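Participant: A single structure is presented below for examination.
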2 protein chains.
Amino acid sequence: MHFLDVNMKTGVCKFEPVPPELEPWGGRGLTARLLLSQINPTCYPLGPSNILIMATGVLAGSNLSGTDQISVGGKSPLTGGIKESNSGGTASRRMAALGIKAVIVRDLAPPDRTYILEVGGGTAALVERPDLKGLKTHLTAARLLKEYGSRASVACVGPAGEMGMAAAGVSFTDREGNPNRVAARGGLGAVMGRKGLKAVVFKESERRKTTPPSPRLREILAKIVAELEAHPATGTLFRRFGTAYMVQACNKLGGMPVNNFSRGELATADKISGERLEQVITERGGEGEVGHICQPGCIVRCSNIFPDQDGEAVTGPVEYETIALMGTNLGLDDFDRIAVLNRACNELGLDTIETGGAIGVLMESGRLAFGDYEGILRVLEEIEQGTILGRVVGNGAGITGKVLGVERVPVVKNQTISAYDPRAIKGTGVTFCTTPMGGDHTAGLTIAAKIDHHKPEGQAAVSRHVQRIRACFDNLGFCSFHLAAFLKENNMDLLAEFYSEFTGRPCDAKGLFDLGKEVINTEREFNRRAGFNEAHDRLPEFFTREPLPPHNLVFDVPDSELDSLHDAD
Amino acid sequence: MHFLDVNMKTGVCKFEPVPPELEPWGGRGLTARLLLSQINPTCYPLGPSNILIMATGVLAGSNLSGTDQISVGGKSPLTGGIKESNSGGTASRRMAALGIKAVIVRDLAPPDRTYILEVGGGTAALVERPDLKGLKTHLTAARLLKEYGSRASVACVGPAGEMGMAAAGVSFTDREGNPNRVAARGGLGAVMGRKGLKAVVFKESERRKTTPPSPRLREILAKIVAELEAHPATGTLFRRFGTAYMVQACNKLGGMPVNNFSRGELATADKISGERLEQVITERGGEGEVGHICQPGCIVRCSNIFPDQDGEAVTGPVEYETIALMGTNLGLDDFDRIAVLNRACNELGLDTIETGGAIGVLMESGRLAFGDYEGILRVLEEIEQGTILGRVVGNGAGITGKVLGVERVPVVKNQTISAYDPRAIKGTGVTFCTTPMGGDHTAGLTIAAKIDHHKPEGQAAVSRHVQRIRACFDNLGFCSFHLAAFLKENNMDLLAEFYSEFTGRPCDAKGLFDLGKEVINTEREFNRRAGFNEAHDRLPEFFTREPLPPHNLVFDVPDSELDSLHDAD
């Protein structure tokens, strides 16, 4: 396996063998290692000293369901700390087939130049493409797939990334060529865009990696598939309701973000539940699809395609975080409107969580009413046009709050927290505080834990465990929606067996888990050098002061438990 | 002496005796002690948990020239760290006469209410004044002085402070009742404004403190006055040229900020030099004045009143920092224009350094041309109107840079550095990095040191010494423009004698100096708890990468010297 090292300034693209000591690391683990060793943690995130990494996980190309997540990494222009954001789509499997473990992009192209990186079997080149400048993600992907063939895989940024906005993500194409799989969080799209790199095209490989799996590997694989099929979440729930099954779960706990995190429960939640989503998509038919697959071989199939009244695809997938942050958080409870906003964000290459968080703060300031759907569309237009207001909102909730003088800004490390009010779902609040990733549920969602989510007791231990297992999955490139089936201890043994057989490096379940722990420690060291200490591991003051209706809870996990969380074995 | 404790929420004003352990502390030293012990360093700076302090120095009311500086302190909404900003004017002497060592303002008034605090001899009350809402500083002061008599002293915020902008300062009236003395830095005007406190009126006291100075005190005072008169800076330079004498000094070193810190030298610097300023003011006559006095009994007399062509006062004083940040940094080299911008900032209650820094960044982004005077006036109007652009710029250079995606943002700890390019005047660059105050020359200007300012060697030691002596002065409430005369060691002994005699607490020169050291340590502890570590003690990357014409210098003091600076004895 090789690294593809690309210098935007000189135009030089080099393939270099992966050093043996980096072999156990992939995805988030690899981005952490590379960032800590290769860049100055105090560098300007949108400048020449930052690097952008796209890394496959350790299990990329193994044919195990969900192991083709692609990790994007860099110093975040949003948090100022280390950032990894991963996504489905076809890029990781294509990279594995091309023998590329990671693409590392350095320096900046000359100002105002727009390039794509064309990657084939052992070849890579930067190609200037002024025609793609400012193009939305769907047009960009469509144009490139037309040129390179529909079996190519595209990673690209939209106008938001090109303009350097901190809410911009990196979009990846799925099996149908739609760039709707987004490594959304932390502004990595801005890092890519400001480097002058509009897109990466992974061409269909002539020399596919064709080592057939060993009989032993196939045997373990079959066992894992059986376990995934047997578990209610991975076998049924995701497939039917997508991540939207979380709507009812969160609403029951009083932890939905409603009107900029001012309430935790919505009376009309059944209008936007997972059950309702399945029903609407099924009833409308046409291009709509439930149980859609984003990467080859996925069993979980959490994705969907949402059709309008006429059955024409609006966007896909409609996910819980978008339903909440761009929906209930902004006073909306209507799939059709949320789907249109979702599409608009995808086309601009924007993180729906950060954008929703920022618009919620704008609403809190009184400059836009909660529920003003047309007003939200206008704000998204302003983002597209790069007006001052557009740039404020496009840089996220933290900046928006500072500019408008709003206290109630739901961020940790300047990143909008995901759709779990930390006062009602306290373990996830602990994760928001203590993960090096900033307010981000993907670093350790605790909602599946058998614990009273309203009580502060025991949340730190739950969060720690989930953070580590998530980091372990992120190192493997293993989609976390598979995680539910691995909370059963024997199944982690099974995963370790699969890992050992596939990599040729024997490892038990504890060993896998320890890799996750080490990933977090590496990231924490980066953040320490970037200027973080325990004072950053806190929720905004208002979450600890302002009771959340209807349960009137505040966040009350003691600071001491946050500060000692990562110290425990 | 008493503290006046004011609660904006309950309306309760209480006088409380100063605890004996706080007696050695005044001004910046007192604000540091109070902030560290009374507020949570991670609190929201514009929320109810922050406090705003106005503190007299230890030597307030001593009749020694320049010891009536007033310190304003709080957690800064600009830096997120501890902040003290001090100013001349009449407030401190009036407070001393009223027996008040400090005013401490807590919590927030109900939303959208506007109050003034009326302080007399042993009395204090909050009075609702909706008529003052949104009023510029000059109108505010004029109205209050008309009501309370011209011998009252007013501290107020302008519209920028009321709107919570992080470039807002607190303005104090001088002997003529003009609110042109500004505790400008760090956004403390926003803290005051957001508390709903538009102004504080210190009424003329009926029960003046009349303890006559001892013969011994008068004797030492005479000696100090003689030393101040004898020194070229304190006896002549400031009186004639004001702080503008720095223009030629900085320009010769190639350290003037020109066009957003992109050059260090201006060919037309003689158009805006101190010498030229004296000449213009003298020639125009009328209301113009050189050697103007801002606080009673000042010998240095650095202030001035700048008249227009017809001799009518435009603003005063025109100071070096404004000439540079609102002038050369924005492509202007014309006193008349700079004076008009200065007045506009004063009226809005804006820090000219932060505002100039932010407009420089706006120009760097290409949205306004360098030298576009009319455009700058329009931006200031937008600040007044609270438009989105106005709020962006009014929140300082750091936010402006983030919103517009500009790398070349001259801030440390998010605060615009003062008018000494750190590449050419490296010791002051060291101060910008290492003072807990953020980019702020008042914490330790090194330009008077006999050292090669272009070389990295020895700068850390110079900065450390000046930071400590400045902190010592700030604790005493002693205007730092007197400092030049005290670099002579014997004169520090004289000051220590004066201190001992005035306070009744014997102290030698080393003891005074140690107080300064302890002030800084207290502030550093606050900042550590607020989330700062050594990564924040850095200049923006571009200062270390981009050579500054004409001397093509970069900032190259090693990080290790920055990190160990405060450790030395």
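Ordering of the structure tokens sets the chain letters (A, B, ...); residue numbers start at 1 within each chain; ligands are numbered from 1 in the order shown.
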What residues in chain B have any atom no more than 9 Å from chain A when counting only C-alpha atoms, and can you write them as a ChimeraX atom specification?
Facilitator: /B:41-44,46-47,77,163-166,388-389,391-395,399,402-407,528-536,538,540-542
Participant: For region 410-419 of chain B, list every protein, DNA or RNA residue within 6 Å, evaluated using only C-alpha atoms, and leave out those in the same chain fewer than 5 positions away; present the list as a ChimeraX atom specification.
Facilitator: /B:79,257,321,324,354,357,398,438-441,539
Participant: What's around Leu126 (chain A) at 10 Å? Count only C-alpha atoms, leave out sequence neighbours fewer than 5 positions away in its own chain, and write the answer as a list in words.
Facilitator: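 Near neighbours after the sequence-gap exclusion: Val6, Asn7, Met8, Gly11, Val12, Cys13, Thr114, Tyr115, Ile116, Leu117, Glu118, Val119, Leu197, Ala199 and Val200 of chain A.
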Participant: Find, counting only C-alpha atoms, the residue in B:Thr428, B:Ile451, B:Ile224, B:Gly169 that gets nearest to Gly193 (chain B).
Facilitator: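 With only C-alpha atoms as the atom set, the closest residue is B:Gly169.
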Participant: Just list as an MDAnalysis selection string whatever in region 18-167 of chain B DSSP marks as strand (DSSP E or B).
Facilitator: chainID B and resid 52:56 70:75 82:87 100:106 115:119 124:128 153:156
Participant: Under the rule that only C-alpha atoms are counted, which of B:Gly57, B:Gly360, B:Gly27, B:Gly80 is the nearest residue to Ser262 (chain B)?
Facilitator: B:Gly360
Participant: Could you check the closest approach to Glu523 (chain B) for each of B:Gly74, B:Pro110, B:Gly327, B:Gly149 and tell me which residue wins, using only C-alpha atoms?
Facilitator: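 Selected residue with least distance to Glu523 (chain B): B:Gly74.
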Participant: What is the CA of Cys156 (chain B)-CA of Thr137 (chain B) distance in Å, reported with one decimal?
Facilitator: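 Taking CA of Cys156 (chain B) and CA of Thr137 (chain B), their separation equals 6.6 Å.
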Participant: Could you work out how far CA of Ser85 (chain A) lies from CA of Gly73 (chain A), giving the answer in Å with one decimal?
Facilitator: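 Interatomic distance, CA of Gly73 (chain A) to CA of Ser85 (chain A): 6.6 Å.
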Participant: In Å, how far is it from CA of Leu341 (chain B) to CA of Asp174 (chain B)?
Facilitator: 20.0 Å
Participant: Ranking B:Thr67, B:Ser365, B:Ser153, B:Ser463 by minimum distance to Gly429 (chain B) and counting only C-alpha atoms, which one comes first?
Facilitator: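 Residue with the minimum atom-to-atom distance to Gly429 (chain B): B:Ser463.
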Participant: Quick check for you: according to DSSP on this backbone, which residues of region 385-532 of chain B are classed as alpha helix (DSSP H)? Reply as a ChimeraX atom specification.
Facilitator: /B:385,388-394,397-404,426-434,459-476,489-503,509-530
Participant: Quick one: everything within 7 Å of Tyr320 (chain B), counting only C-alpha atoms, minus sequence neighbours fewer than 5 positions away in the same chain. Send it as a CSV table (one decimal) with C-alpha atoms, in the first residue's frame.
Facilitator:
chain,number,residue,atom,x,y,z
B,243,THR,CA,2.8,59.8,21.6
B,244,ALA,CA,3.1,60.7,17.9
B,246,MET,CA,6.8,57.4,17.9
B,247,VAL,CA,6.0,57.8,14.2
Participant: For region 543-554 of chain A, find every residue with an atom within 10 Å (counting only C-alpha atoms), except residues of its own chain fewer than 6 positions away, and show them as a JSON list (two decimals) with C-alpha atoms, in the first residue's frame.
Facilitator:
[["chain", "number", "residue", "atom", "x", "y", "z"],
["A", 253, "LEU", "CA", -36.10, 11.40, 26.54],
["A", 254, "GLY", "CA", -36.85, 15.11, 26.13],
["A", 255, "GLY", "CA", -33.54, 15.54, 24.30],
["A", 261, "PHE", "CA", -32.04, 24.01, 22.11],
["A", 262, "SER", "CA", -34.71, 25.80, 24.11],
["A", 263, "ARG", "CA", -37.02, 22.76, 24.50],
["A", 264, "GLY", "CA", -36.36, 19.03, 24.44],
["A", 265, "GLU", "CA", -39.67, 17.70, 23.24],
["A", 266, "LEU", "CA", -41.87, 18.34, 20.25],
["A", 408, "ARG", "CA", -27.19, 30.70, 23.69],
["A", 409, "VAL", "CA", -24.83, 29.13, 21.18],
["A", 410, "PRO", "CA", -24.81, 25.31, 21.27],
["A", 421, "ASP", "CA", -29.53, 17.95, 24.19],
["A", 422, "PRO", "CA", -26.79, 17.31, 26.74],
["A", 423, "ARG", "CA", -29.08, 18.19, 29.62],
["A", 424, "ALA", "CA", -31.36, 15.22, 28.84],
["A", 425, "ILE", "CA", -28.83, 12.79, 27.32],
["A", 426, "LYS", "CA", -25.98, 13.46, 29.67],
["A", 429, "GLY", "CA", -23.01, 15.67, 26.72],
["A", 454, "HIS", "CA", -31.22, 12.15, 32.90],
["A", 455, "LYS", "CA", -28.92, 11.42, 35.84],
["A", 456, "PRO", "CA", -25.31, 12.57, 36.01]]
Participant: Of the residues A:Ser71, A:Thr503, A:Gln385, A:Thr328, which is the one nearest to Tyr373 (chain A), using only C-alpha atoms?
Facilitator: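 With only C-alpha atoms as the atom set, the closest residue is A:Thr328.
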Participant: So, counting only C-alpha atoms, which residue among B:Ile220, B:Lys510, B:Glu84, B:Leu64 is closest to Val300 (chain B)?
Facilitator: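 Closest to Val300 (chain B) of all the choices is B:Leu64.
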